[in-house]
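Worksheet: one structure, shown below.
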Amino acid sequence: MLGSNLSAVAFKPGPVVSADQIEIQKMSQLRLDAVANPLIPFVGPMDDAAGTRQIAAGQELTDDEMDRMCWYVDGIKVFDDAGAEQPLADLVAECQN
């Protein structure tokens, strides 16, 4: 029977893996996942803070369009270092100049 042979089974310990090595493996897998499934943050429909449609439904912004983007997405709030909310119109005007 199986029970009588258990004393004859020997287990060889595997290699010891440090916490740093485990963290490196996790980070490597995250990087591979990010390359395989890139995040596309700007997919329409998307409106600017004034309510104007900037990205049509299903459209993705190209890298060039993102580089030239000079508008704030609806719902975004910007604060200065003192914690005071900044008017978006002023910030957009600065971007356009």
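Identifiers for the structure tokens are assigned positionally: chains receive A, B, ... in sequence, residues are indexed from 1 per chain, and ligands are indexed from 1 in the order shown.
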Next on the checklist: So that I can check the secondary structure, give me every residue of chain A assigned strand (DSSP E or B) by backbone DSSP, as a PyMOL selection string.
Outcome noted: chain A and resi 43+46-48+53-55+60+73+78-79+85-86
Give me a file of those residues, with N, CA and C atoms, as an mmCIF file, in the first residue's frame.
data_model
loop_
_atom_site.group_PDB
_atom_site.id
_atom_site.type_symbol
_atom_site.label_atom_id
_atom_site.label_comp_id
_atom_site.auth_asym_id
_atom_site.auth_seq_id
_atom_site.Cartn_x
_atom_site.Cartn_y
_atom_site.Cartn_z
ATOM 1 N N VAL A 43 -9.394 57.681 -25.272
ATOM 2 C CA VAL A 43 -10.295 57.052 -26.233
ATOM 3 C C VAL A 43 -11.656 57.706 -26.044
ATOM 4 N N MET A 46 -14.896 61.902 -25.624
ATOM 5 C CA MET A 46 -14.315 62.705 -24.556
ATOM 6 C C MET A 46 -14.547 64.186 -24.848
ATOM 7 N N ASP A 47 -15.028 64.886 -23.826
ATOM 8 C CA ASP A 47 -15.309 66.314 -23.946
ATOM 9 C C ASP A 47 -14.282 67.106 -23.153
ATOM 10 N N ASP A 48 -14.091 68.355 -23.565
ATOM 11 C CA ASP A 48 -13.209 69.224 -22.795
ATOM 12 C C ASP A 48 -13.994 69.869 -21.653
ATOM 13 N N ARG A 53 -17.021 68.507 -27.606
ATOM 14 C CA ARG A 53 -16.510 67.165 -27.926
ATOM 15 C C ARG A 53 -15.152 67.298 -28.613
ATOM 16 N N GLN A 54 -14.134 66.698 -28.006
ATOM 17 C CA GLN A 54 -12.776 66.749 -28.538
ATOM 18 C C GLN A 54 -12.373 65.438 -29.212
ATOM 19 N N ILE A 55 -12.917 64.317 -28.721
ATOM 20 C CA ILE A 55 -12.580 63.011 -29.281
ATOM 21 C C ILE A 55 -13.888 62.278 -29.546
ATOM 22 N N GLU A 60 -9.117 57.089 -31.039
ATOM 23 C CA GLU A 60 -7.956 57.142 -30.153
ATOM 24 C C GLU A 60 -7.061 58.279 -30.615
ATOM 25 N N VAL A 73 -9.651 67.708 -19.938
ATOM 26 C CA VAL A 73 -10.784 66.795 -20.012
ATOM 27 C C VAL A 73 -11.840 67.228 -19.000
ATOM 28 N N VAL A 78 -7.522 71.644 -11.377
ATOM 29 C CA VAL A 78 -6.103 71.925 -11.203
ATOM 30 C C VAL A 78 -5.945 72.847 -10.006
ATOM 31 N N PHE A 79 -4.970 72.512 -9.152
ATOM 32 C CA PHE A 79 -4.731 73.278 -7.934
ATOM 33 C C PHE A 79 -3.300 73.783 -7.917
ATOM 34 N N GLU A 85 -7.826 76.202 -6.173
ATOM 35 C CA GLU A 85 -8.201 75.747 -7.507
ATOM 36 C C GLU A 85 -7.906 76.829 -8.537
ATOM 37 N N GLN A 86 -7.320 76.420 -9.656
ATOM 38 C CA GLN A 86 -6.970 77.345 -10.730
ATOM 39 C C GLN A 86 -8.033 77.328 -11.812
#
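Closest to Asp74 in chain A among A:Ala57, A:Ala50, A:Ala36, A:Ala93 is A:Ala50, based on only C-alpha atoms.
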Checklist entry - How far is it from CA of Phe42 in chain A to CA of Asp81 in chain A, in Å with one decimal? => result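 Here the two named atoms are 26.8 Å from each other.
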Checklist entry - In Å, with one decimal, what is the gap from CA of Asp33 in chain A to CA of Ser18 in chain A? => result 22.8 Å
